[in-house]
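Below you'll find the structure, written out as structure tokens, and then a few comments.
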Amino acid sequence: MLTLTTQAQNVEFSKDRFGNDKEGLKTAQRELKEGDGWYDMDPSRYELALPHYLAAQKFNPDNAQLNLKIGDCYLHSGFKPKALAYLQKAYKLNPDVDPTIHYLLGRGLHLNARWPEAIKEYKAAQPNASSKDKAAWAADIQKKIKECENGQQLTRKPARVFIDNAGAGVNSPYPDYGPVISADESVILFTSRRATSTGGQKDPETGGFFEDIYQSTRLPNGQWSSALNLGAPINTDGHDATVGLSPDGQRLVVYVEDNGGDLHESELRGTEWRKPQKLGSRINSRGHESSAAYSPDGRTLYFVTDKEGGLGGRDIYRVQPEGRGPAQNLGPIINTPYGEEGVYLHPDGKTMYFSSEGHNSMGGYDIFKSVYENGQWGKPENLGWPINTPDDDVFFVISASGRHGYYSSFREDGLGSKDIYQITFLGPEKPPVLSQEDQLLASRAQPVKETLLAAAVPIATAQVTILKGTVTDDMTHQPVEATIEVVDNVLNQTIAAFRANAQSGRYLVSLPSGVNYGIVVRQDGYLFYSENFDVPAGAAYAEVVKDIALKKADLGVKVVLNNIFFDFGKATLRPESTAELERLQKLLAEAPTLRLEISGHTDNVGKADYNQDLSQRRAKAVVDYLTQHGVDSNRLTAAGYGDTQPVAPNTTDGGRQLNRRTEFKITGK
């Protein structure tokens with residue numbers, strides 16, 4: 001009993017306790033003083049105080065006040081769960097060490113997902129509230145208790161995921177965070193505070209290196225290449241951080257420590273990023289803008305700000321940068337009286353991921369998703385444990401396939417500080433199958449048995465098609481910096497426009513399901529190229545590689561008009577053909593000496609005479625449309641070739657579809 005009592009006694013840093021080790025005591029007192037200097041600053045500099053406190057604690061591990069301060073420092077660090085052991089020891093050494101000890105113990109238990117114990121401590125903390133801040137104190141405790149209750153519920157049914165460190169190609173011993181990815185996961189950009197930052201200077205307030213933006217690319221083996229600093233003009237001597245990346249990886253929103261924290265945009269031209277340009281006053285304010293995401297068509301920007309007029313701390317807004325109207329708050333379905341952060345819009349155009357301190361968070365910021373349907377955002381859904389933890393979980397992005405997500409976290413397998421992790425979503429669990437074999441006597445010569453197999457459980461995938469490839473010159477095979485237009489064929493509206501990379505000719509377009517798309521590739525000096533993608537509603541994720549070779553207007557050149565549509569077995573042009581016909585009309589207007597043969601083609605199904613007649617009538621329908629819209633009939637001829645000029649074997653559905661086409665050939669310049 002005497003031994004146990006002695007172990008639980010508080011030990012002061014005094015000569016009567018450590019008179020035999022004067023030098024050790026002197027050093028410990030100096031460390032304690034330096035730690036207090038940082039701890040007592042306004043605001044406290046916990047990260048700078050902690051090393052000094054830990055040094056003093058090695059000399060004297062049994063001082064209640066020191067253990068309390070170490071616990072408090074850890075509560076304000078990236079390794080918050082470590083606080084619990086020190087807080088528990090402080091309480092054991094002196095139950096009256098601090099009026100807020102039960103609250104701090106509640107935080108320590110909460111951050112270690114020890115939900116019932118945390119609730120008990122939070123309830124014990126309530127009577128200690130002073131009259132001055134009693135209401136705010138009580139409200140905070142009630143919220144913490146609710147978070148613990150949410151945590152209990154969410155951990156009962158954890159999400160089926162793998163969470164793996166992204167590896168040494170991306171991560172370093174320094175803080176790495178804020179990942180943004182291209183839709184096909186070929187490129188990742190992120191923020192890091194490593195020694196190779198531009199200027200190599202340290203932030204005097206935090207002691208860490210200034211933030212810079214780094215890039216890594218996916219290698220054929222699935223690993224990430226060694227990250228490279230993007231350098232100037234993206235990175236400066238100050239803080240530069242990733243905020244949002246367009247699905248094709250060609251436009252980047254960066255955070256610049258300017259005017260309280262503003263958003264800037266840069267464009268990738270070839271292999272060089274252009275100098276970031278400050279986004280307008282409809283986005284940036286006197287407040288702090290911290291996060292942003294593009295819509296798939298690039299016409300809308302979702303962003304986070306704490307400017308006046310919001311519903312809580314930070315709110316999510318949306319705006320059309322090229323428009324004129326003010327930014328719109330997404331409203332109370334998404335935004336809460338607490339903070340929202342880290343907005344990301346999936347390439348399907350309707351699923352938004354974001355972090356929030358509200359809704360049914362289990363502590364700090366949790367990651368949620370909401371789906372836009374019937375003109376409004378749906379109720380946010382917590383992504384669950386272990387993706388979310390009692391600590392802050394923020395700046396989450398997900399691939400177009402929905403298979404992989406990325407975010408940053410402090411974990412035991414980290415490379416030294418905050419690291420970037422890859423989340424692999426496994427889908428719903430396959431239900432267990434009990435043995436259905438007949439239990440028969442072993443003496444039977446030929447036992448009869450029957451095994452019933454459970455139906456496969458499909459893994460849900462995103463409802464989006466990724467179209468990517470390269471644009472080149474048909475003759476030289478050199479990359480072409482072409483413009484790719486995405487057209488809604490039904491509405492006859494251009495809904496997005498992108499540019500192929502000037503250096504590589506690469507392009508990427510995300511096509512949410514439920515639309516009949518026309519894809520048009522244009523570049524001065526070349527004939528346009530068109531492609532059709534009818535992506536039905538609910539279509540599962542697909543990735544299509546389509547390399548495009550643009551042709552110049554030379555005699556004999558043929559171009560397929562992939563967005564000309566006819567009713568089945570007829571020569572009646574469907575309304576979805578209008579945009580393609582208008583493009584052809586514009587081509588003829590811009591080149592007044594150009595002469596074309598419009599030809600129709602079919603597969604080999606049916607009689608040859610019927611196919612030839614149908615193809616002739618369809619070619620004539622196109623010519624008639626053009627002449628009715630001002631094109632001189634002497635510049636056009638109609639020809640039907642039936643099934644005599646196939647471009648693919650007629651042995652498959654895909655081949656027959658390619659053979660059913662309308663095209664034009666240049667017959668005069």
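Scheme for the structure tokens: letters A, B, ... for chains in order shown; per-chain residue numbers from 1; ligand numbers from 1 in order shown.
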Quiz prompt | Long-range neighbours of range 224-231 of chain A as a count of residues only, 9 Å cut-off, only C-alpha atoms, 4 positions minimum in chain | solution = 24
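Close contacts of Thr652 in chain A, defined as residues with an atom at most 12 Å away when counting only C-alpha atoms, with chain neighbours fewer than 5 positions off set aside, comprise Asp603, Asn604, Val605, Gln657, Leu658 and Asn659 of chain A.
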Practice problem: Name the residues of range 7-126 of chain A that come out as alpha helix (DSSP H) in a backbone DSSP run; write them as a PyMOL selection string. | Solution: chain A and resi 7+15-18+22-39+46-59+64-75+83-93+101-111+115-125
Exercise. May I have the residues within 10 Å of Leu104 in chain A as number ranges by chain, using only C-alpha atoms and disregarding those fewer than 3 positions away in the same chain?
Key: A: 68, 71-72, 75, 83-84, 87-88, 98-101, 107-110, 118, 121-122, 125
Quiz item: Which one of A:Lys546, A:Lys586, A:Lys146, A:Lys157 sits closest to Leu527 in chain A if you count only C-alpha atoms?
Solution: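 Among the listed residues, the smallest separation from Leu527 in chain A belongs to A:Lys586.
CA of Arg506 in chain A is found 20.1 Å from CA of Gly222 in chain A.
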Quiz item: Which polymer residues have any atom within 8 Å of an atom of range 47-55 of chain A, counting only C-alpha atoms, with same-chain residues fewer than 4 positions away left out, as a PyMOL selection string?
Solution: chain A and resi 28+31-32+34-39+59+66+69-70+73-74+76-77+206-207
Hey, can you spit out that residue selection with N, CA, C and O atoms as a PDB file, in the first residue's frame?
```pdb
ATOM      1  N   ALA A  28      16.338  20.333 -16.383  1.00  0.00           N
ATOM      2  CA  ALA A  28      14.893  20.111 -16.463  1.00  0.00           C
ATOM      3  C   ALA A  28      14.123  21.394 -16.200  1.00  0.00           C
ATOM      4  O   ALA A  28      13.121  21.685 -16.873  1.00  0.00           O
ATOM      5  N   GLU A  31      14.300  23.501 -19.316  1.00  0.00           N
ATOM      6  CA  GLU A  31      13.377  23.004 -20.337  1.00  0.00           C
ATOM      7  C   GLU A  31      11.935  23.366 -19.990  1.00  0.00           C
ATOM      8  O   GLU A  31      11.141  23.754 -20.861  1.00  0.00           O
ATOM      9  N   LEU A  32      11.614  23.238 -18.715  1.00  0.00           N
ATOM     10  CA  LEU A  32      10.256  23.565 -18.268  1.00  0.00           C
ATOM     11  C   LEU A  32       9.946  25.042 -18.500  1.00  0.00           C
ATOM     12  O   LEU A  32       8.851  25.403 -18.959  1.00  0.00           O
ATOM     13  N   GLU A  34      11.359  27.063 -20.730  1.00  0.00           N
ATOM     14  CA  GLU A  34      11.222  27.339 -22.167  1.00  0.00           C
ATOM     15  C   GLU A  34       9.882  26.839 -22.691  1.00  0.00           C
ATOM     16  O   GLU A  34       9.233  27.502 -23.507  1.00  0.00           O
ATOM     17  N   GLY A  35       9.472  25.666 -22.226  1.00  0.00           N
ATOM     18  CA  GLY A  35       8.170  25.152 -22.633  1.00  0.00           C
ATOM     19  C   GLY A  35       7.044  26.066 -22.194  1.00  0.00           C
ATOM     20  O   GLY A  35       6.118  26.348 -22.962  1.00  0.00           O
ATOM     21  N   ASP A  36       7.112  26.560 -20.957  1.00  0.00           N
ATOM     22  CA  ASP A  36       6.074  27.472 -20.461  1.00  0.00           C
ATOM     23  C   ASP A  36       6.033  28.761 -21.260  1.00  0.00           C
ATOM     24  O   ASP A  36       4.967  29.357 -21.463  1.00  0.00           O
ATOM     25  N   GLY A  37       7.236  29.193 -21.732  1.00  0.00           N
ATOM     26  CA  GLY A  37       7.271  30.418 -22.532  1.00  0.00           C
ATOM     27  C   GLY A  37       6.426  30.288 -23.792  1.00  0.00           C
ATOM     28  O   GLY A  37       5.684  31.204 -24.155  1.00  0.00           O
ATOM     29  N   TRP A  38       6.525  29.122 -24.469  1.00  0.00           N
ATOM     30  CA  TRP A  38       5.713  28.893 -25.663  1.00  0.00           C
ATOM     31  C   TRP A  38       4.258  28.589 -25.303  1.00  0.00           C
ATOM     32  O   TRP A  38       3.330  29.061 -25.965  1.00  0.00           O
ATOM     33  N   TYR A  39       4.074  27.842 -24.245  1.00  0.00           N
ATOM     34  CA  TYR A  39       2.716  27.418 -23.848  1.00  0.00           C
ATOM     35  C   TYR A  39       1.867  28.609 -23.413  1.00  0.00           C
ATOM     36  O   TYR A  39       0.654  28.651 -23.677  1.00  0.00           O
ATOM     37  N   PHE A  59      13.143  13.665 -17.010  1.00  0.00           N
ATOM     38  CA  PHE A  59      13.814  13.815 -15.717  1.00  0.00           C
ATOM     39  C   PHE A  59      12.858  13.538 -14.564  1.00  0.00           C
ATOM     40  O   PHE A  59      13.216  12.887 -13.582  1.00  0.00           O
ATOM     41  N   LEU A  66       2.900  19.038 -15.239  1.00  0.00           N
ATOM     42  CA  LEU A  66       3.642  18.819 -16.480  1.00  0.00           C
ATOM     43  C   LEU A  66       2.946  17.791 -17.355  1.00  0.00           C
ATOM     44  O   LEU A  66       2.828  17.970 -18.573  1.00  0.00           O
ATOM     45  N   LYS A  69       0.084  19.438 -19.085  1.00  0.00           N
ATOM     46  CA  LYS A  69       0.467  20.314 -20.192  1.00  0.00           C
ATOM     47  C   LYS A  69       0.903  19.501 -21.414  1.00  0.00           C
ATOM     48  O   LYS A  69       0.608  19.877 -22.554  1.00  0.00           O
ATOM     49  N   ILE A  70       1.615  18.389 -21.179  1.00  0.00           N
ATOM     50  CA  ILE A  70       1.995  17.532 -22.307  1.00  0.00           C
ATOM     51  C   ILE A  70       0.740  16.984 -22.984  1.00  0.00           C
ATOM     52  O   ILE A  70       0.631  16.972 -24.222  1.00  0.00           O
ATOM     53  N   CYS A  73      -0.802  19.704 -25.007  1.00  0.00           N
ATOM     54  CA  CYS A  73      -0.050  19.937 -26.249  1.00  0.00           C
ATOM     55  C   CYS A  73      -0.382  18.876 -27.291  1.00  0.00           C
ATOM     56  O   CYS A  73      -0.569  19.186 -28.475  1.00  0.00           O
ATOM     57  N   TYR A  74      -0.462  17.621 -26.863  1.00  0.00           N
ATOM     58  CA  TYR A  74      -0.808  16.561 -27.816  1.00  0.00           C
ATOM     59  C   TYR A  74      -2.234  16.737 -28.351  1.00  0.00           C
ATOM     60  O   TYR A  74      -2.504  16.411 -29.515  1.00  0.00           O
ATOM     61  N   HIS A  76      -3.486  19.376 -29.175  1.00  0.00           N
ATOM     62  CA  HIS A  76      -3.406  20.404 -30.216  1.00  0.00           C
ATOM     63  C   HIS A  76      -2.354  20.047 -31.267  1.00  0.00           C
ATOM     64  O   HIS A  76      -1.842  20.923 -31.961  1.00  0.00           O
ATOM     65  N   SER A  77      -2.038  18.764 -31.403  1.00  0.00           N
ATOM     66  CA  SER A  77      -1.044  18.312 -32.370  1.00  0.00           C
ATOM     67  C   SER A  77      -1.697  17.377 -33.376  1.00  0.00           C
ATOM     68  O   SER A  77      -2.898  17.122 -33.329  1.00  0.00           O
ATOM     69  N   THR A 206       5.279  28.672 -37.054  1.00  0.00           N
ATOM     70  CA  THR A 206       5.134  27.244 -36.774  1.00  0.00           C
ATOM     71  C   THR A 206       6.468  26.519 -36.653  1.00  0.00           C
ATOM     72  O   THR A 206       6.534  25.426 -36.094  1.00  0.00           O
ATOM     73  N   GLY A 207       7.504  27.092 -37.198  1.00  0.00           N
ATOM     74  CA  GLY A 207       8.796  26.436 -37.191  1.00  0.00           C
ATOM     75  C   GLY A 207       8.977  25.447 -38.324  1.00  0.00           C
ATOM     76  O   GLY A 207      10.066  24.902 -38.508  1.00  0.00           O
TER      77      GLY A 207
END
```
Quiz item: Which residue, A:Glu308, A:Asp164, A:Glu341, A:Asp258, has the smallest gap to Ala292 in chain A when you use only C-alpha atoms?
Solution: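 Comparing A:Glu308, A:Asp164, A:Glu341, A:Asp258 against Ala292 in chain A, the winner is A:Glu341.
Distances from A:Asn335, A:Ser361, A:Thr602, A:Asn221 to Asn650 in chain A were compared using only C-alpha atoms, and the smallest one belongs to A:Thr602.
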